[in-house]
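Below: the structure, in structure tokens.
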Amino acid sequence: MGAGGISGPRISVPRTPGPGLRTWAHATFGYRSSLGSPWQAGRSYGVVALRKGMTIAVASGKGGTGKTTVATNLALAIAAQHPVQFLDCDVEEPNAHLFLKPRIERTLAVEIPVPSVDRERCTYCGTCADVCAQHAVGVFPGQVLIFAELCHGCGACALFCPEGAITEVGRPVGVVEAGRADQLAFAHGRLNVGEAFAPPVVRAVKKEARDHGIVIIDVAPGTSCPVVEALKGVDFCLLVTEPTPFGLHDLKLMVGVVEKLGIPAALVINRADMGDAGVWTFCRQKRIPVLMEIPQNRRIAESYARGIPLVRTDGEWAGRFAVLFRRIRALVEGPGSRNGLRGSGCERSSGDQR
Ligand code: SF4
Ligand code: SF4
């Protein structure tokens with residue numbers, strides 16, 4: 001059953017048991033198994049294929065740092081010079097559309113496969129419950145209970161069922177909406193209310209990515225699974241933080257994530273004229289370039305509150321965001337840029353006085 005009101009296509013779920021489910025789960029979820037073929041026979045899954053263009057993720061360790069403000073303004077500032085696609089992967093609370101005001105042209109339901117047990121074939125042996133790492137299956141005398149909300153759709157229960165009694169059915173977890181916002185191609189995901197399993201929706205949004213031009217991904221705040229999913233395969237991560245102890249704490253966590261993933265990264269410091277110097281000290285120690293500082297400013301706050309991108313109300317900021325993009329491109333295209341965090345040290349925007 002699809003999400004209500006969805007008239008467009010869906011991510012289809014094959015209903016064949018065994019290898020069909022495994023192949024689908026593998027291609028869709030990126031799970032690997034130590035069982036060998038066919039799980040290991042395919043290409044490397046779980047990472048949306050890199051494009052010939054450039055993919056820039058905008059992320060923050062904590063919410064409320066101005067991440068979406070930076071992502072949307074960056075996209076708009078370069079849209080006249082480059083083909084730009086904006087993907088809002090903050091699927092639990094997408095809000096880039098409030099600033100970009102896209103025209104939605106397509107809606108795609110996102111489903112994950114959950115097991116369905118054929119009671120005629122089931123012998124209640126308990127194997128499916130034993131192999132389920134999510135504790136989504138309970139086997140009792142004469143009964144198999146499936147807790148669909150806990151199921152990650154990995155396919156292990158169907159793979160190991162000795163009777164071939166398990167098939168899969170699609171369970172809707174969210175939607176992807178795609179369209180245009182003036183010069184920008186746009187897509188965002190929405191996780192269904194009450195759902196806790198965001199990565200499939202993030203992957204579905206990333207499947208909308210074009211293979212050319214600039215793709216800007218608005219990543220969810222934090223460092224949890226949907227964030228890692230959104231960051232996989234990107235060329236660069238722009239971290240947005242604020243210079244407070246909380247901002248620094250969560251920045252450190254986020255830097256740990258991008259280091260682990262081997263993604264080159266740099267920083268934008270929002271509300272840069274408040275707080276303390278801890279973020280700058282950390283950046284110097286880690287050699288993370290600071291590419292832009294945004295002051296605490298009433299005009300900026302008003303623009304945000306009205307849902308009007310800063311670059312549309314202030315030509316100076318349009319220029320600053322264009323410079324920010326040039327700095328990012330220099331880091332991405334510079335020598336050895338895929339080796340993780342690197343740069344020429346803690347750079348400062350012109351006129352920054354901290
Ligand atoms: S593994 Fe198969 S046969 Fe055994 S309890 Fe589960 S569904 Fe039934
Ligand atoms: S019930 Fe468990 S083993 Fe089966 S697909 Fe879901 S998470 Fe995987």
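Within each chain, counting starts at residue 1; across the structure tokens, chains are named A, B, ... in the order shown, with ligands numbered 1 upward in that order.
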Residue contacts of region 192-194 of chain A (9 Å, only C-alpha atoms) excluding same-chain residues fewer than 5 positions away, as a ChimeraX atom specification: /A:3,92,172-175
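Residues of protein or nucleic acid lying within 7 Å of ligand 1, counting only C-alpha atoms and all ligand atoms, are A:Val117, A:Arg121, A:Cys122, A:Thr123, A:Tyr124, A:Cys125, A:Gly126, A:Thr127, A:Cys128, A:Ala129, A:Val139, A:Val144, A:Cys157, A:Phe160, A:Cys161, A:Pro162, A:Glu163, A:Gly164, A:Ala165, A:Ile166.
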For Ile294 (chain A): contacts at 8 Å, only C-alpha atoms, fewer than 6 positions along chain excluded, given as a list in words: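 Once the nearby chain positions are removed, what remains is Val268, Ile269, Asn270, Arg271 and Ala272 of chain A.
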Residues within 10 Å of ligand 2, counting only C-alpha atoms and all ligand atoms, as number ranges by chain: A: 21-22, 25, 112-116, 127-138, 145-161, 166-168
Which of region 94-287 of chain A fall in helix (DSSP H, G or I), as a PyMOL selection string: chain A and resi 96-100+127-131+148-150+156-160+199-206+225-231+245-261+278-286
Just write the chosen residues, C-alpha atoms, as a short mmCIF file (atom, residue, chain, number, x, y, z; two decimals), in the first residue's frame.
data_model
loop_
_atom_site.label_atom_id
_atom_site.label_comp_id
_atom_site.auth_asym_id
_atom_site.auth_seq_id
_atom_site.Cartn_x
_atom_site.Cartn_y
_atom_site.Cartn_z
CA ALA A 96 14.69 24.18 2.23
CA HIS A 97 11.44 24.42 0.24
CA LEU A 98 10.36 27.28 2.52
CA PHE A 99 13.19 29.38 1.06
CA LEU A 100 13.43 27.97 -2.48
CA THR A 127 15.44 -19.49 12.46
CA CYS A 128 14.05 -16.18 11.20
CA ALA A 129 13.86 -14.81 14.75
CA ASP A 130 17.38 -16.02 15.49
CA VAL A 131 18.93 -14.23 12.50
CA ALA A 148 7.26 -4.23 10.76
CA GLU A 149 8.28 -0.93 12.39
CA LEU A 150 11.48 -2.56 13.65
CA ALA A 156 18.21 -12.12 6.24
CA CYS A 157 15.07 -13.88 7.50
CA ALA A 158 14.01 -14.82 3.96
CA LEU A 159 17.55 -15.89 3.12
CA PHE A 160 17.83 -18.26 6.06
CA PRO A 199 18.03 6.16 5.50
CA PRO A 200 15.85 4.59 2.76
CA VAL A 201 14.21 7.98 2.14
CA VAL A 202 17.61 9.69 2.10
CA ARG A 203 18.83 7.14 -0.46
CA ALA A 204 15.73 7.70 -2.55
CA VAL A 205 16.37 11.47 -2.60
CA LYS A 206 20.00 10.87 -3.60
CA CYS A 225 22.57 7.12 10.32
CA PRO A 226 20.64 9.48 7.97
CA VAL A 227 23.57 11.92 8.14
CA VAL A 228 26.11 9.25 7.23
CA GLU A 229 23.81 8.05 4.45
CA ALA A 230 23.54 11.56 3.01
CA LEU A 231 27.32 12.06 3.20
CA PRO A 245 30.59 25.37 23.61
CA PHE A 246 27.60 23.41 22.30
CA GLY A 247 28.53 24.26 18.72
CA LEU A 248 32.11 23.18 19.31
CA HIS A 249 31.09 19.93 20.97
CA ASP A 250 28.87 18.89 18.08
CA LEU A 251 31.36 20.17 15.51
CA LYS A 252 33.97 17.80 16.94
CA LEU A 253 31.57 14.90 16.50
CA MET A 254 30.84 15.95 12.94
CA VAL A 255 34.51 16.34 12.10
CA GLY A 256 35.02 12.80 13.39
CA VAL A 257 32.36 11.58 10.94
CA VAL A 258 33.82 13.27 7.86
CA GLU A 259 37.32 12.15 8.84
CA LYS A 260 36.07 8.58 9.08
CA LEU A 261 34.40 8.86 5.68
CA GLY A 278 36.97 27.69 20.92
CA VAL A 279 35.80 26.87 17.39
CA TRP A 280 38.67 28.84 15.81
CA THR A 281 41.21 27.20 18.10
CA PHE A 282 39.86 23.76 17.18
CA CYS A 283 39.99 24.61 13.47
CA ARG A 284 43.61 25.72 13.77
CA GLN A 285 44.54 22.52 15.58
CA LYS A 286 42.75 20.34 13.01
#
A:Pro141, A:Thr107, A:Phe86, A:Glu195 ranked by distance to Arg119 (chain A), top pick (using only C-alpha atoms):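 Looking only at the distances to Arg119 (chain A), the closest residue turns out to be A:Pro141.
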7 Å contact set for Val84 (chain A), only C-alpha atoms, chain neighbours under 6 positions out, as number ranges by chain: A: 75, 184-185, 213-215
Would you save the residues of that selection, restricted to C-alpha atoms, as a JSON list (two decimals), in the first residue's frame?
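Result went into result.json, see below:
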[["chain", "number", "residue", "atom", "x", "y", "z"],
["A", 75, "ALA", "CA", 22.81, 27.15, -4.39],
["A", 184, "LEU", "CA", 17.45, 25.05, -9.58],
["A", 185, "ALA", "CA", 16.44, 21.43, -9.96],
["A", 213, "GLY", "CA", 26.66, 20.10, -12.70],
["A", 214, "ILE", "CA", 26.68, 20.99, -9.02],
["A", 215, "VAL", "CA", 24.61, 18.98, -6.57]]
DSSP-assigned strand (DSSP E or B) among region 208-264 of chain A, expressed as a PyMOL selection string: chain A and resi 214-218+236-241
Atom pair CA of Val58 (chain A) / CA of Pro83 (chain A): separation (Å):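 Here the two named atoms are 17.8 Å from each other.
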